[in-house]
file work10.txt (compact mmCIF, C-alpha atoms)
# COMPACT_ATOMS: atom_id res chain seq x y z
CA MET W 116 97.18 105.55 106.74
CA LYS W 117 94.92 108.41 105.63
CA ARG W 118 92.23 106.41 103.83
CA ARG W 119 88.59 107.37 104.18
CA LEU W 120 86.09 105.13 102.41
CA LEU W 121 82.32 104.79 102.28
CA LEU W 122 81.54 101.46 100.62
CA VAL W 123 77.81 101.07 99.97
CA SER W 124 76.17 97.80 98.98
CA ASN W 125 73.52 99.34 96.72
CA SER W 126 72.62 102.78 95.38
CA THR W 127 68.85 102.26 95.46
CA LEU W 128 66.97 100.58 98.30
CA HIS W 129 63.35 99.47 98.02
CA GLY W 130 61.10 102.27 99.21
CA SER W 131 63.57 105.10 98.57
CA GLY W 132 65.08 106.93 95.61
CA TYR W 133 68.62 107.01 94.25
CA LEU W 134 71.06 107.10 97.21
CA GLY W 135 68.14 108.04 99.44
CA HIS W 136 68.89 105.44 102.10
CA CYS W 137 72.47 106.66 102.56
CA GLN W 138 72.25 110.38 101.81
CA ASP W 139 72.83 111.37 105.44
CA ASN W 140 75.91 109.17 105.53
CA ILE W 141 77.18 110.81 102.33
CA SER W 142 76.81 114.29 103.78
CA VAL W 143 78.69 113.35 106.94
CA PHE W 144 81.34 111.47 104.95
CA PHE W 145 82.28 114.25 102.52
CA GLY W 146 81.57 116.96 105.06
CA LYS W 147 81.95 120.69 104.46
CA ASP W 148 85.56 120.70 103.27
CA VAL W 149 84.73 118.89 100.02
CA LYS W 150 82.98 121.16 97.52
CA SER W 151 83.20 119.03 94.38
CA VAL W 152 83.17 115.25 93.86
CA LEU W 153 84.62 113.42 90.85
CA PHE W 154 82.11 110.87 89.59
CA VAL W 155 83.14 107.72 87.72
CA PRO W 156 80.20 106.43 85.60
CA TYR W 157 82.20 103.76 83.74
CA ALA W 158 80.02 100.87 85.00
CA LEU W 159 77.04 101.88 82.83
CA HIS W 160 76.85 102.24 79.04
CA ASP W 161 75.01 105.60 79.03
CA ARG W 162 77.47 107.68 80.98
CA ASP W 163 75.76 111.00 80.24
CA ALA W 164 72.41 109.88 81.68
CA TYR W 165 74.13 108.26 84.65
CA THR W 166 76.03 111.47 85.36
CA ARG W 167 72.83 113.53 85.26
CA THR W 168 71.24 111.24 87.83
CA ALA W 169 74.24 111.41 90.17
CA ARG W 170 74.74 115.15 89.63
CA ASP W 171 71.13 115.93 90.47
CA LYS W 172 71.35 113.92 93.68
CA PHE W 173 74.65 115.41 94.83
CA LYS W 174 73.36 118.91 94.12
CA THR W 175 70.58 118.34 96.66
CA LEU W 176 73.30 117.45 99.18
CA GLY W 177 75.26 120.63 98.48
CA TYR W 178 78.04 119.24 96.27
CA GLU W 179 79.12 119.93 92.73
CA LEU W 180 79.72 116.77 90.73
CA GLU W 181 82.16 116.48 87.83
CA SER W 182 82.29 113.33 85.73
CA ILE W 183 85.57 111.75 84.73
CA HIS W 184 84.19 110.84 81.31
CA GLU W 185 83.75 114.54 80.53
CA ALA W 186 87.41 115.33 81.30
CA SER W 187 89.93 115.62 78.47
CA ASP W 188 92.55 113.96 80.69
CA PRO W 189 91.13 111.40 83.15
CA VAL W 190 94.42 111.03 85.04
CA GLU W 191 94.66 114.78 85.59
CA ALA W 192 91.03 114.83 86.74
CA VAL W 193 91.90 112.22 89.38
CA ARG W 194 94.93 114.24 90.48
CA LYS W 195 92.76 117.32 91.05
CA ALA W 196 89.78 115.57 92.68
CA GLU W 197 88.59 116.57 96.15
CA GLY W 198 86.57 113.37 96.49
CA PHE W 199 85.60 110.30 94.49
CA PHE W 200 82.29 108.59 93.86
CA ILE W 201 82.40 105.44 91.73
CA GLY W 202 78.89 104.28 90.87
CA GLY W 203 77.39 100.86 90.33
CA GLY W 204 76.64 98.87 87.22
CA ASN W 205 78.70 96.13 85.62
CA THR W 206 81.91 95.55 87.58
CA PHE W 207 83.83 94.07 84.63
CA ARG W 208 83.01 97.07 82.42
CA LEU W 209 83.97 99.42 85.25
CA LEU W 210 87.34 97.85 85.99
CA LYS W 211 88.24 97.57 82.31
CA SER W 212 87.51 101.28 81.83
CA LEU W 213 89.57 102.17 84.87
CA TYR W 214 92.52 100.27 83.41
CA ASP W 215 91.93 101.59 79.89
CA ASN W 216 92.04 105.16 81.21
CA LYS W 217 95.10 104.42 83.37
CA VAL W 218 93.58 105.69 86.61
CA VAL W 219 93.74 102.63 88.88
CA SER W 220 97.10 103.40 90.47
CA GLU W 221 96.41 107.14 90.63
CA ILE W 222 93.11 106.66 92.47
CA ARG W 223 94.88 104.31 94.90
CA ARG W 224 97.62 106.89 95.50
CA ARG W 225 95.20 109.78 96.04
CA VAL W 226 93.11 107.79 98.52
CA LEU W 227 95.87 106.04 100.51
CA GLU W 228 98.53 108.76 100.42
CA ASP W 229 96.61 112.02 100.05
CA GLY W 230 93.55 111.03 102.06
CA VAL W 231 91.04 111.92 99.35
CA PRO W 232 87.64 110.45 100.39
CA TYR W 233 86.38 107.59 98.25
CA MET W 234 82.75 106.53 97.99
CA GLY W 235 81.65 103.48 96.03
CA SER W 236 78.29 101.82 95.52
CA SER W 237 77.83 98.24 94.28
CA ALA W 238 80.41 97.87 91.46
CA GLY W 239 82.19 100.93 92.83
CA THR W 240 82.48 99.10 96.14
CA ASN W 241 83.74 95.95 94.40
CA VAL W 242 86.65 97.75 92.71
CA ALA W 243 87.78 99.25 96.02
CA THR W 244 88.80 95.79 97.26
CA VAL W 245 91.52 93.26 96.47
CA SER W 246 89.81 91.91 93.36
CA ILE W 247 86.47 91.72 91.56
CA SER W 248 86.38 87.92 91.90
CA THR W 249 83.36 88.05 94.21
CA THR W 250 81.17 90.33 92.12
CA ASN W 251 77.70 89.15 91.08
CA ASP W 252 78.02 90.50 87.52
CA MET W 253 78.40 88.80 84.15
CA PRO W 254 81.80 89.20 82.42
CA ILE W 255 80.46 91.19 79.46
CA VAL W 256 83.97 92.58 78.82
CA PHE W 257 87.40 91.45 79.94
CA PRO W 258 89.63 93.74 82.03
CA PRO W 259 93.37 93.06 81.82
CA SER W 260 93.28 91.82 85.40
CA PHE W 261 90.74 90.97 88.10
CA SER W 262 92.96 92.84 90.57
CA ALA W 263 91.17 95.99 91.68
CA ILE W 264 92.20 99.26 93.32
CA GLY W 265 93.07 97.54 96.59
CA LEU W 266 91.99 100.10 99.18
CA VAL W 267 91.14 97.37 101.73
CA PRO W 268 92.80 93.94 102.22
CA PHE W 269 89.67 91.87 101.63
CA ASN W 270 86.89 91.38 99.07
CA ILE W 271 83.27 92.47 99.26
CA ASN W 272 80.14 90.84 97.88
CA PRO W 273 77.46 93.55 97.54
CA HIS W 274 73.72 92.82 97.34
CA TYR W 275 74.24 89.71 99.45
CA LEU W 276 71.22 87.41 99.66
CA ASP W 277 70.88 84.81 102.39
CA PRO W 278 69.86 81.27 101.42
CA ASP W 279 66.08 80.83 101.42
CA PRO W 280 65.26 77.43 102.95
CA GLY W 281 61.77 77.60 101.46
CA SER W 282 62.89 78.30 97.91
CA ARG W 283 62.45 75.70 95.16
CA HIS W 284 65.25 77.22 93.13
CA MET W 285 67.98 74.61 92.75
CA GLY W 286 70.76 76.93 91.60
CA GLU W 287 73.74 77.85 93.76
CA THR W 288 73.23 80.26 96.61
CA ARG W 289 75.49 83.25 97.11
CA GLU W 290 76.95 81.50 100.14
CA GLN W 291 77.86 78.45 98.03
CA ARG W 292 79.56 80.63 95.40
CA ILE W 293 81.66 82.41 98.02
CA THR W 294 82.57 79.01 99.47
CA GLN W 295 83.75 77.92 96.01
CA TYR W 296 85.90 81.04 95.85
CA HIS W 297 87.52 80.10 99.15
CA GLU W 298 88.33 76.62 97.87
CA GLU W 299 91.10 78.30 95.92
CA PRO W 300 94.36 79.07 97.79
CA ASP W 301 95.40 82.55 98.89
CA THR W 302 91.91 84.01 98.68
CA PRO W 303 91.12 86.90 101.06
CA GLN W 304 88.17 87.20 103.36
CA VAL W 305 84.87 88.27 101.83
CA LEU W 306 82.57 90.73 103.55
CA ALA W 307 79.03 90.09 102.30
CA LEU W 308 77.01 93.32 102.46
CA ARG W 309 73.25 92.95 102.39
CA GLU W 310 71.04 95.54 100.71
CA GLY W 311 70.98 98.64 102.88
CA SER W 312 74.36 98.10 104.54
CA MET W 313 77.61 100.02 104.05
CA LEU W 314 81.13 100.06 105.41
CA LEU W 315 82.80 103.24 106.67
CA VAL W 316 86.60 103.03 106.76
CA GLU W 317 88.64 105.71 108.53
CA GLY W 318 92.35 104.98 108.65
CA ASN W 319 92.77 101.59 110.29
CA ARG W 320 89.25 101.39 111.67
CA ALA W 321 86.00 100.61 109.91
CA THR W 322 82.38 100.54 111.04
CA LEU W 323 79.45 98.65 109.60
CA LEU W 324 76.54 101.06 109.03
CA GLY W 325 73.06 100.90 107.54
CA THR W 326 69.81 99.14 108.19
CA THR W 327 70.88 95.51 107.71
CA LYS W 328 73.59 93.17 108.92
CA ALA W 329 76.50 91.61 107.05
CA LYS W 330 78.42 88.34 106.97
CA LEU W 331 82.14 87.71 106.90
CA PHE W 332 83.37 84.63 105.03
CA SER W 333 86.87 83.35 105.75
CA ARG W 334 88.96 80.66 104.14
CA PHE W 335 90.57 78.64 106.88
CA SER W 336 92.46 75.40 107.03
CA ILE W 337 91.58 72.54 109.34
CA ASP W 338 94.50 70.66 107.91
CA GLN W 339 96.51 70.94 104.71
CA ASP W 340 94.10 68.85 102.66
CA LYS W 341 90.75 69.97 103.99
CA LEU W 342 89.54 73.48 103.24
CA SER W 343 86.32 75.06 104.35
CA SER W 344 84.59 78.42 104.58
CA SER W 345 82.96 80.01 107.57
CA ALA W 346 80.55 82.87 108.02
CA LYS W 347 79.85 84.99 111.05
CA SER W 348 76.92 87.38 111.28
CA LEU W 349 77.91 90.91 112.20
CA SER W 350 75.82 93.41 114.11
CA ASP W 351 75.31 96.98 112.90
CA SER W 352 77.81 98.19 115.48
CA THR W 353 80.55 95.79 114.38
CA ARG W 354 84.02 97.30 114.09
CA LEU W 355 86.68 96.12 111.70
CA MET W 356 90.24 97.04 112.55
CA PHE W 357 93.44 96.44 110.61
CA SER W 358 97.00 95.98 111.80
CA SER W 359 100.17 94.08 110.96
CA LEU W 360 100.30 90.43 111.93
CA GLY W 361 101.21 89.83 115.55
CA THR W 362 100.54 93.35 116.82
CA THR W 363 97.92 94.41 119.31
CA LEU W 364 94.64 95.27 117.60
CA GLY W 365 92.59 97.91 119.39
CA GLY W 366 93.77 96.59 122.74
CA VAL W 367 92.93 92.99 121.82
CA ARG W 368 95.76 90.61 121.05
CA PRO W 369 94.97 87.46 119.02
CA ARG W 370 95.01 84.42 121.25
CA GLN W 371 96.74 82.30 118.66
CA ARG W 372 99.26 83.03 115.94
CA PRO W 373 98.62 80.49 113.20
CA GLU W 374 101.56 78.59 111.80
CA LEU W 375 102.15 78.26 108.06
CA PRO W 376 101.34 74.78 106.76
CA ALA W 377 104.02 72.77 104.99
CA ASP W 378 102.85 73.86 101.53
CA GLY W 379 103.39 77.51 102.42
CA ARG W 380 99.75 78.54 102.15
CA ARG W 381 98.49 80.83 104.88
CA PRO W 382 95.47 79.32 106.67
CA PHE W 383 92.48 81.30 107.86
CA VAL W 384 91.77 80.59 111.50
CA LEU W 385 88.43 81.20 113.20
CA LEU W 386 88.83 82.31 116.80
CA MET W 387 85.77 83.23 118.85
CA PRO W 388 84.66 85.85 119.63
CA HIS W 389 87.02 87.40 117.10
CA ILE W 390 87.82 86.34 113.56
CA VAL W 391 91.53 86.53 112.87
CA SER W 392 93.26 85.75 109.59
CA SER W 393 96.96 85.45 108.92
CA SER W 394 96.90 87.47 105.71
CA SER W 395 99.26 90.41 105.25
CA LEU W 396 96.86 92.42 107.42
CA ILE W 397 94.74 91.03 110.22
CA LEU W 398 91.02 91.67 109.98
CA LEU W 399 89.51 91.78 113.43
CA LEU W 400 85.79 91.94 114.05
CA GLU W 401 84.82 93.03 117.51
CA SER W 402 81.13 93.14 118.39
CA GLN W 403 80.37 95.97 120.81
call {"tool": "encode", "arguments": {"input": "work10.txt", "output": "structure tokens"}}
result
Amino acid sequence: MKRRLLLVSNSTLHGSGYLGHCQDNISVFFGKDVKSVLFVPYALHDRDAYTRTARDKFKTLGYELESIHEASDPVEAVRKAEGFFIGGGNTFRLLKSLYDNKVVSEIRRRVLEDGVPYMGSSAGTNVATVSISTTNDMPIVFPPSFSAIGLVPFNINPHYLDPDPGSRHMGETREQRITQYHEEPDTPQVLALREGSMLLVEGNRATLLGTTKAKLFSRFSIDQDKLSSSAKSLSDSTRLMFSSLGTTLGGVRPRQRPELPADGRRPFVLLMPHIVSSSSLILLLESQ
């Protein structure tokens, strides 16, 4: 698989300007072969202002930036793109606009088949995954489906905040909300990216980058009637590798192949020191 992805939790980190905390990663990611990047500003209402902000930043990095909302034919713009950058904002608005402009499948094809590099931040990271079900945003509009572009076989929760034991706030924590998501059957793993973290995916290997750590939440089954959710902290050097079920993953073979329960649902099984799930692709986390 040719995919190359840079999935950033947030575009602005406290103490730095727009994309300042990840600008070196952006330059390495797009490299010298990419001269122009297609920007998707659909997540914000003022697309012109958003494009100016992104264009100014990318110019300092040596790249031209064209915006899809300025193109007469969005699908043709995707077909000609050398690279993609989908910015943050409201994830529901973003996905609805992607569907409305009929570019979801074309972006997927260009990234997975043609190897066009894809960068997303926040909402742009959300839509790169299986679905937008683990976004933090309000549903201000309604896309035809929560299914997203599907460039990786799991979901991401950007801007992840750890529970604060000293807080007097009695609302649900992010961890509790992800757990509720995993109470539903057939839900994929959720990689929770803290502010300042990002995921670099190259083919079937991905690396956690940035200044903070991340958590992986998995739905697993203790028995058919009792569901739970687990989280494992990942170090900055954590590698994520993907392969078909039952094959050797980076020289490490899963120690257990989980059996399907009687109701046909695939359980998520936590095996230390690796996390292995029996979804259509295995997600293996190997701390170096």
call {"tool": "closest_atom_pairs", "arguments": {"input": "work10.txt", "of": "segment 215-294 of chain W", "to": "segment 145-161 of chain W", "cutoff": "12 Å", "atoms": "only C-alpha atoms", "output": "JSON lines"}}
result
{"residue": "W:Asp215", "atom": "CA", "partner": "W:Tyr157", "partner_atom": "CA", "distance": 10.7}
{"residue": "W:Asn216", "atom": "CA", "partner": "W:Tyr157", "partner_atom": "CA", "distance": 10.3}
{"residue": "W:Val218", "atom": "CA", "partner": "W:Val155", "partner_atom": "CA", "distance": 10.7}
{"residue": "W:Val219", "atom": "CA", "partner": "W:Val155", "partner_atom": "CA", "distance": 11.8}
{"residue": "W:Ile222", "atom": "CA", "partner": "W:Leu153", "partner_atom": "CA", "distance": 11.0}
{"residue": "W:Gly230", "atom": "CA", "partner": "W:Phe145", "partner_atom": "CA", "distance": 11.7}
{"residue": "W:Val231", "atom": "CA", "partner": "W:Val149", "partner_atom": "CA", "distance": 9.4}
{"residue": "W:Pro232", "atom": "CA", "partner": "W:Phe145", "partner_atom": "CA", "distance": 6.9}
{"residue": "W:Tyr233", "atom": "CA", "partner": "W:Phe145", "partner_atom": "CA", "distance": 8.9}
{"residue": "W:Met234", "atom": "CA", "partner": "W:Phe145", "partner_atom": "CA", "distance": 9.0}
{"residue": "W:Gly235", "atom": "CA", "partner": "W:Val155", "partner_atom": "CA", "distance": 9.4}
{"residue": "W:Ser236", "atom": "CA", "partner": "W:Ala158", "partner_atom": "CA", "distance": 10.7}
{"residue": "W:Ser237", "atom": "CA", "partner": "W:Ala158", "partner_atom": "CA", "distance": 9.9}
{"residue": "W:Ala238", "atom": "CA", "partner": "W:Ala158", "partner_atom": "CA", "distance": 7.1}
{"residue": "W:Gly239", "atom": "CA", "partner": "W:Ala158", "partner_atom": "CA", "distance": 8.1}
{"residue": "W:Thr240", "atom": "CA", "partner": "W:Ala158", "partner_atom": "CA", "distance": 11.5}
{"residue": "W:Asn241", "atom": "CA", "partner": "W:Ala158", "partner_atom": "CA", "distance": 11.2}
{"residue": "W:Val242", "atom": "CA", "partner": "W:Ala158", "partner_atom": "CA", "distance": 10.6}
{"residue": "W:Asp252", "atom": "CA", "partner": "W:Ala158", "partner_atom": "CA", "distance": 10.9}
{"residue": "W:Ile255", "atom": "CA", "partner": "W:Ala158", "partner_atom": "CA", "distance": 11.2}
{"residue": "W:Val256", "atom": "CA", "partner": "W:Ala158", "partner_atom": "CA", "distance": 11.1}
call {"tool": "write_last_selection", "arguments": {"input": "work10.txt", "atoms": "C-alpha atoms", "output": "PDB file, in the coordinates of the input"}}
result
ATOM      1  CA  ASP W 215      91.930 101.590  79.890  1.00  0.00           C
ATOM      2  CA  ASN W 216      92.040 105.160  81.210  1.00  0.00           C
ATOM      3  CA  VAL W 218      93.580 105.690  86.610  1.00  0.00           C
ATOM      4  CA  VAL W 219      93.740 102.630  88.880  1.00  0.00           C
ATOM      5  CA  ILE W 222      93.110 106.660  92.470  1.00  0.00           C
ATOM      6  CA  GLY W 230      93.550 111.030 102.060  1.00  0.00           C
ATOM      7  CA  VAL W 231      91.040 111.920  99.350  1.00  0.00           C
ATOM      8  CA  PRO W 232      87.640 110.450 100.390  1.00  0.00           C
ATOM      9  CA  TYR W 233      86.380 107.590  98.250  1.00  0.00           C
ATOM     10  CA  MET W 234      82.750 106.530  97.990  1.00  0.00           C
ATOM     11  CA  GLY W 235      81.650 103.480  96.030  1.00  0.00           C
ATOM     12  CA  SER W 236      78.290 101.820  95.520  1.00  0.00           C
ATOM     13  CA  SER W 237      77.830  98.240  94.280  1.00  0.00           C
ATOM     14  CA  ALA W 238      80.410  97.870  91.460  1.00  0.00           C
ATOM     15  CA  GLY W 239      82.190 100.930  92.830  1.00  0.00           C
ATOM     16  CA  THR W 240      82.480  99.100  96.140  1.00  0.00           C
ATOM     17  CA  ASN W 241      83.740  95.950  94.400  1.00  0.00           C
ATOM     18  CA  VAL W 242      86.650  97.750  92.710  1.00  0.00           C
ATOM     19  CA  ASP W 252      78.020  90.500  87.520  1.00  0.00           C
ATOM     20  CA  ILE W 255      80.460  91.190  79.460  1.00  0.00           C
ATOM     21  CA  VAL W 256      83.970  92.580  78.820  1.00  0.00           C
TER      22      VAL W 256
END
call {"tool": "closest_residue", "arguments": {"input": "work10.txt", "among": "W:Ser246, W:Phe207, W:Ile201, W:Leu308", "to": "Ala169 of chain W", "atoms": "only C-alpha atoms"}}
result
W:Ile201
call {"tool": "atom_distance", "arguments": {"input": "work10.txt", "atom1": "atom CA of Leu213 of chain W", "atom2": "atom CA of Asn251 of chain W"}}
result
18.7 Å
call {"tool": "closest_residue", "arguments": {"input": "work10.txt", "among": "W:Leu331, W:Met313, W:Met285, W:Leu210", "to": "Gln138 of chain W", "atoms": "all atoms listed in the file"}}
result
W:Met313
call {"tool": "atom_distance", "arguments": {"input": "work10.txt", "atom1": "atom CA of Pro259 of chain W", "atom2": "atom CA of Tyr214 of chain W"}}
result
7.4 Å
call {"tool": "closest_residue", "arguments": {"input": "work10.txt", "among": "W:Val267, W:Lys217, W:Lys211, W:Leu121", "to": "Asn319 of chain W", "atoms": "only C-alpha atoms"}}
result
W:Val267
call {"tool": "atom_distance", "arguments": {"input": "work10.txt", "atom1": "atom CA of Ser212 of chain W", "atom2": "atom CA of Ile293 of chain W"}}
result
25.5 Å
call {"tool": "closest_residue", "arguments": {"input": "work10.txt", "among": "W:Arg162, W:Arg208, W:Arg119, W:Arg320", "to": "Ser260 of chain W", "atoms": "only C-alpha atoms"}}
result
W:Arg208
call {"tool": "residues_around", "arguments": {"input": "work10.txt", "residues": "Pro303 of chain W", "least_positions_apart": "2", "cutoff": "8 Å", "atoms": "all atoms listed in the file", "output": "PDB file with C-alpha atoms, in the coordinates of the input"}}
result
ATOM      1  CA  VAL W 245      91.520  93.260  96.470  1.00  0.00           C
ATOM      2  CA  PRO W 268      92.800  93.940 102.220  1.00  0.00           C
ATOM      3  CA  PHE W 269      89.670  91.870 101.630  1.00  0.00           C
ATOM      4  CA  ASN W 270      86.890  91.380  99.070  1.00  0.00           C
ATOM      5  CA  HIS W 297      87.520  80.100  99.150  1.00  0.00           C
ATOM      6  CA  ASP W 301      95.400  82.550  98.890  1.00  0.00           C
ATOM      7  CA  VAL W 305      84.870  88.270 101.830  1.00  0.00           C
ATOM      8  CA  SER W 333      86.870  83.350 105.750  1.00  0.00           C
ATOM      9  CA  ARG W 334      88.960  80.660 104.140  1.00  0.00           C
ATOM     10  CA  SER W 394      96.900  87.470 105.710  1.00  0.00           C
TER      11      SER W 394
END
call {"tool": "closest_residue", "arguments": {"input": "work10.txt", "among": "W:Gly311, W:Thr294, W:Glu181, W:Gly325", "to": "Gly130 of chain W", "atoms": "all atoms listed in the file"}}
result
W:Gly311
